[in-house]
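Engineer: One file is attached below, run.txt, containing compact mmCIF, C-alpha atoms and all ligand atoms.
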```txt
# COMPACT_ATOMS: atom_id res chain seq x y z
CA MET A 866 -8.91 137.59 -174.80
CA LYS A 867 -10.39 137.58 -171.35
CA ARG A 868 -8.09 138.78 -168.60
CA ASN A 869 -8.05 135.39 -166.86
CA ASN A 870 -7.03 133.65 -170.05
CA TYR A 871 -4.30 136.16 -170.50
CA ILE A 872 -2.97 135.49 -167.00
CA LEU A 873 -3.05 131.75 -167.64
CA LEU A 874 -1.16 132.28 -170.88
CA ILE A 875 1.53 134.28 -169.09
CA LEU A 876 1.79 131.63 -166.38
CA GLY A 877 2.02 128.93 -169.02
CA LEU A 878 4.72 130.73 -170.93
CA SER A 879 6.71 131.43 -167.82
CA PHE A 880 6.56 127.76 -166.86
CA PHE A 881 7.97 126.80 -170.22
CA GLY A 882 10.62 129.45 -169.84
CA CYS A 883 11.71 127.75 -166.67
CA TYR A 884 11.49 124.25 -167.94
CA TYR A 885 13.56 124.78 -171.02
CA ASP A 886 15.80 127.26 -169.28
CA LYS A 887 15.17 129.94 -171.86
CA VAL A 888 15.69 133.59 -171.30
CA GLU A 889 12.28 135.19 -171.14
CA VAL A 890 11.53 138.69 -170.08
CA LEU A 891 8.23 138.25 -168.32
CA TYR A 892 7.63 141.66 -166.88
CA PRO A 893 9.25 145.00 -167.52
CA GLY A 894 11.93 145.64 -164.94
CA SER A 895 12.07 142.06 -163.78
CA THR A 896 14.90 139.70 -164.47
CA HIS A 897 15.13 136.80 -166.83
CA CYS A 898 13.51 133.55 -165.95
CA THR A 899 16.58 131.42 -166.26
CA GLU A 900 17.90 128.85 -163.85
CA ILE A 901 18.60 130.90 -160.75
CA THR A 902 21.28 129.71 -158.39
CA THR A 903 21.63 132.85 -156.33
CA SER A 904 19.23 135.75 -156.32
CA PHE A 905 20.11 139.30 -155.41
CA PHE A 906 17.69 141.63 -153.74
CA SER A 907 18.23 144.59 -156.04
CA VAL A 908 18.43 142.54 -159.23
CA ASN A 909 15.94 139.70 -158.78
CA VAL A 910 13.65 140.42 -155.86
CA LEU A 911 12.81 144.10 -155.72
CA PRO A 912 11.98 144.45 -159.44
CA LEU A 913 9.64 141.49 -159.08
CA LEU A 914 7.91 142.97 -156.05
CA ASN A 915 7.67 146.29 -157.82
CA SER A 916 5.96 144.76 -160.82
CA ARG A 917 3.73 142.25 -159.00
CA CYS A 918 3.03 143.71 -155.56
CA ASN A 919 3.86 147.34 -155.17
CA SER A 920 0.92 148.76 -157.04
CA CYS A 921 -0.70 147.94 -153.68
CA HIS A 922 2.24 147.63 -151.27
CA GLY A 923 4.19 150.70 -152.36
CA GLY A 924 3.57 154.41 -152.10
CA SER A 925 2.51 156.50 -149.15
CA SER A 926 -0.40 154.34 -147.95
CA PRO A 927 0.42 150.71 -148.75
CA SER A 928 -2.36 148.09 -148.56
CA GLY A 929 -2.77 146.58 -145.12
CA GLY A 930 -0.03 148.90 -143.89
CA ILE A 931 2.43 146.49 -145.49
CA ALA A 932 5.14 148.17 -147.55
CA LEU A 933 7.35 146.03 -149.76
CA ASP A 934 9.31 148.77 -151.44
CA THR A 935 12.59 148.76 -149.52
CA TYR A 936 14.97 146.12 -148.21
CA ASP A 937 14.14 146.83 -144.55
CA ASN A 938 10.41 146.67 -145.18
CA VAL A 939 10.63 143.43 -147.12
CA LEU A 940 12.87 141.84 -144.49
CA THR A 941 10.21 142.42 -141.85
CA TYR A 942 7.79 140.13 -143.70
CA VAL A 943 10.48 137.61 -144.59
CA ASN A 944 11.20 137.23 -140.88
CA LYS A 945 7.51 136.96 -140.01
CA GLY A 946 7.12 134.23 -142.58
CA SER A 947 4.18 136.00 -144.16
CA LEU A 948 5.99 136.92 -147.36
CA MET A 949 6.54 133.33 -148.49
CA GLY A 950 3.34 132.19 -146.75
CA SER A 951 1.30 134.57 -148.87
CA ILE A 952 3.18 133.95 -152.09
CA ASN A 953 2.90 130.18 -151.67
CA PHE A 954 -0.83 130.44 -150.86
CA GLN A 955 -0.20 128.70 -147.51
CA SER A 956 -3.13 128.41 -145.15
CA GLY A 957 -3.07 131.03 -142.43
CA TYR A 958 -1.88 133.73 -144.83
CA SER A 959 -3.72 135.90 -147.30
CA PRO A 960 -2.87 134.64 -150.79
CA MET A 961 -0.82 137.19 -152.74
CA PRO A 962 -0.78 138.81 -155.22
CA LYS A 963 -4.32 139.61 -154.13
CA ASN A 964 -7.09 138.79 -156.60
CA SER A 965 -4.58 137.49 -159.08
CA GLY A 966 -3.10 134.11 -159.91
CA LYS A 967 -0.25 132.61 -157.96
CA MET A 968 3.13 133.79 -159.14
CA SER A 969 4.97 131.45 -161.49
CA ALA A 970 7.32 128.83 -160.12
CA CYS A 971 10.21 130.86 -161.56
CA GLU A 972 9.17 134.02 -159.78
CA ILE A 973 8.65 132.24 -156.47
CA ARG A 974 12.00 130.50 -156.81
CA LYS A 975 13.79 133.81 -157.31
CA ILE A 976 12.49 135.08 -154.01
CA GLN A 977 13.01 131.79 -152.19
CA SER A 978 16.60 131.45 -153.39
CA TRP A 979 17.37 134.97 -152.15
CA ILE A 980 15.96 134.05 -148.72
CA ASP A 981 17.83 130.73 -148.71
CA ALA A 982 21.06 132.65 -149.33
CA GLY A 983 20.44 134.71 -146.20
CA ALA A 984 18.07 137.45 -147.43
CA LEU A 985 20.98 139.85 -147.85
CA ASN A 986 20.77 143.47 -148.87
CA ASN A 987 22.62 142.79 -152.09
C1 LIG B 1001 -4.44 144.37 -155.44
C2 LIG B 1001 -3.64 144.78 -154.29
C3 LIG B 1001 -2.58 143.85 -153.78
C4 LIG B 1001 -1.57 143.24 -154.49
C5 LIG B 1001 -1.28 143.31 -155.99
C6 LIG B 1001 -0.78 142.52 -153.53
N1 LIG B 1001 -1.31 142.68 -152.27
FE1 LIG B 1001 -0.55 141.92 -150.54
N2 LIG B 1001 -2.13 142.66 -149.50
C7 LIG B 1001 -3.12 143.46 -150.02
C8 LIG B 1001 -4.05 143.81 -148.95
C9 LIG B 1001 -5.28 144.70 -149.11
C10 LIG B 1001 -3.56 143.18 -147.79
C11 LIG B 1001 -4.16 143.23 -146.37
C12 LIG B 1001 -5.43 142.46 -146.28
C13 LIG B 1001 -5.23 141.01 -146.51
O1 LIG B 1001 -4.42 140.38 -145.82
O2 LIG B 1001 -5.86 140.49 -147.44
C14 LIG B 1001 -2.37 142.45 -148.16
C15 LIG B 1001 -1.62 141.71 -147.29
C16 LIG B 1001 -0.38 141.16 -147.58
C17 LIG B 1001 0.47 140.45 -146.66
C18 LIG B 1001 0.12 140.08 -145.22
C19 LIG B 1001 -0.59 138.73 -145.32
C20 LIG B 1001 -0.80 138.05 -144.00
O3 LIG B 1001 -1.55 137.04 -144.03
O4 LIG B 1001 -0.23 138.45 -143.00
C21 LIG B 1001 1.61 140.12 -147.31
C22 LIG B 1001 2.84 139.40 -146.76
C23 LIG B 1001 1.46 140.59 -148.67
N3 LIG B 1001 0.24 141.21 -148.79
C24 LIG B 1001 2.40 140.39 -149.65
C25 LIG B 1001 2.16 140.64 -151.00
C26 LIG B 1001 3.07 140.25 -152.04
C27 LIG B 1001 4.42 139.56 -151.82
C28 LIG B 1001 2.50 140.63 -153.22
C29 LIG B 1001 3.04 140.41 -154.62
C30 LIG B 1001 3.38 139.06 -154.96
C31 LIG B 1001 1.23 141.26 -152.91
N4 LIG B 1001 1.06 141.24 -151.55
C32 LIG B 1001 0.35 141.80 -153.85
C33 LIG B 1001 -3.24 143.88 -151.32
C34 LIG B 1001 -2.41 143.48 -152.38
```
Here is a file; write its structure as structure tokens.
Ligand code: HEC
Structural biologist:
Amino acid sequence: MKRNNYILLILGLSFFGCYYDKVEVLYPGSTHCTEITTSFFSVNVLPLLNSRCNSCHGGSSPSGGIALDTYDNVLTYVNKGSLMGSINFQSGYSPMPKNSGKMSACEIRKIQSWIDAGALNN
């Protein structure tokens, strides 16, 4: 299967996981795609960033000088608005993950619900 088709398949499956509220493990180290009421940084957000973003935004020389591997680093981009701007493909921000499809609604919701709850170091 071509890589793009594979990505579409994953996105499709993750959407269904959300819709029917099933427990689906989408990515190793990430959390289940169930109905999220409150997200926690260490449980829901960081594992997601590690699997989807930190191949570029982790390590000793992160892409664009933007590190997303610790709470303090992530909070910087939450406060700037660029984290959600990029993830939501909003104009004025570089769409992220770069050169890849938009994250699933479930994944985006996990991050948004953590921010809505105050973006705590929890
Ligand atoms: C393939 C490498 C790669 C991946 C994967 C990636 N990024 Fe990026 N990201 C970059 C590069 C390079 C830049 C700086 C250049 C640019 O803005 O395009 C950047 C810039 C950014 C910016 C600043 C954008 C702005 O307009 O100010 C944010 C925020 C960001 N990334 C978040 C993320 C998030 C969140 C993810 C995961 C969902 C992610 N990135 C995945 C390479 C990547």
Engineer: At a cut-off of 10 Å, using all atoms listed in the file, what residues contact A:Leu948? Leave out same-chain residues fewer than 6 positions from it and give the result as a PyMOL selection string.
Structural biologist: chain A and resi 933+939-942+958-961+976-977
Engineer: Could you give me, as an mmCIF file with C-alpha atoms, in the coordinates of the input, every polymer residue with an atom at most 6 Å away from an atom of ligand LIG 1001 (chain B), counting only C-alpha atoms and all ligand atoms?
Structural biologist:
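As written to disk, out_17.cif reads:
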```cif
data_model
loop_
_atom_site.group_PDB
_atom_site.id
_atom_site.type_symbol
_atom_site.label_atom_id
_atom_site.label_comp_id
_atom_site.auth_asym_id
_atom_site.auth_seq_id
_atom_site.Cartn_x
_atom_site.Cartn_y
_atom_site.Cartn_z
ATOM 1 C CA LEU A 914 7.910 142.970 -156.050
ATOM 2 C CA ARG A 917 3.730 142.250 -159.000
ATOM 3 C CA CYS A 918 3.030 143.710 -155.560
ATOM 4 C CA SER A 920 0.920 148.760 -157.040
ATOM 5 C CA CYS A 921 -0.700 147.940 -153.680
ATOM 6 C CA SER A 928 -2.360 148.090 -148.560
ATOM 7 C CA GLY A 929 -2.770 146.580 -145.120
ATOM 8 C CA TYR A 942 7.790 140.130 -143.700
ATOM 9 C CA SER A 947 4.180 136.000 -144.160
ATOM 10 C CA LEU A 948 5.990 136.920 -147.360
ATOM 11 C CA SER A 951 1.300 134.570 -148.870
ATOM 12 C CA ILE A 952 3.180 133.950 -152.090
ATOM 13 C CA TYR A 958 -1.880 133.730 -144.830
ATOM 14 C CA SER A 959 -3.720 135.900 -147.300
ATOM 15 C CA MET A 961 -0.820 137.190 -152.740
ATOM 16 C CA PRO A 962 -0.780 138.810 -155.220
ATOM 17 C CA LYS A 963 -4.320 139.610 -154.130
#
```
Engineer: To one decimal place, how far is atom CA of A:Ser969 from atom CA of A:Ser904 in Å?
Structural biologist: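 Distance between the two atoms: 15.8 Å.
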Engineer: Env of A:Asn919: 9 Å cut, atoms = only C-alpha atoms, seq-sep filter 6 positions within chain, self excluded. Answer as an MDAnalysis selection string.
Structural biologist: chainID A and resid 927 932:934
Engineer: So the first atom is atom CA of A:Val908 and the second is atom CA of A:Gly923; what is the distance between them in Å, to one decimal place?
Structural biologist: 17.8 Å
Engineer: Excluding A:Lys975 and any residue of its chain fewer than 3 positions from it, enumerate the residues within 9 Å of it, using all atoms listed in the file, and give them as an NGL selection string.
Structural biologist: :A and (898 or 901-905 or 909-910 or 913 or 970-972 or 978-980)
Engineer: When distances are computed from only C-alpha atoms, which of A:Ser926, A:Ile973, A:Asn987, A:Ala982 shows the smallest separation from A:Gly950?
Structural biologist: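 Smallest separation from A:Gly950 among the options: A:Ile973.
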Engineer: Each side padded by 4 Å, which centre and which edge lengths in Å (one decimal) define the axis-aligned box around the listed atoms of stretch 922-939 of chain A? Give them as AutoDock Vina command-line options.
Structural biologist:
```
--center_x 6.1 --center_y 150.0 --center_z -148.1 --size_x 25.7 --size_y 21.1 --size_z 16.5
```
Engineer: I'd like to know which of A:Gln955, A:Met968, A:Thr935, A:Gly946 is closest to A:His922, using all atoms listed in the file.
Structural biologist: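 Among the listed residues, A:Thr935 lies closest to A:His922.
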Engineer: For a test of reading the model, state the distance in Å between atom CA of A:Leu911 and atom CA of A:Tyr936, rounded to one decimal.
Structural biologist: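 Atom CA of A:Tyr936 lies 8.1 Å from atom CA of A:Leu911.
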Engineer: Using all atoms listed in the file for the distances, tell me which of A:Asn915, A:Val943, A:Asn953, A:Ile931 is nearest to A:Leu985.
Structural biologist: A:Val943
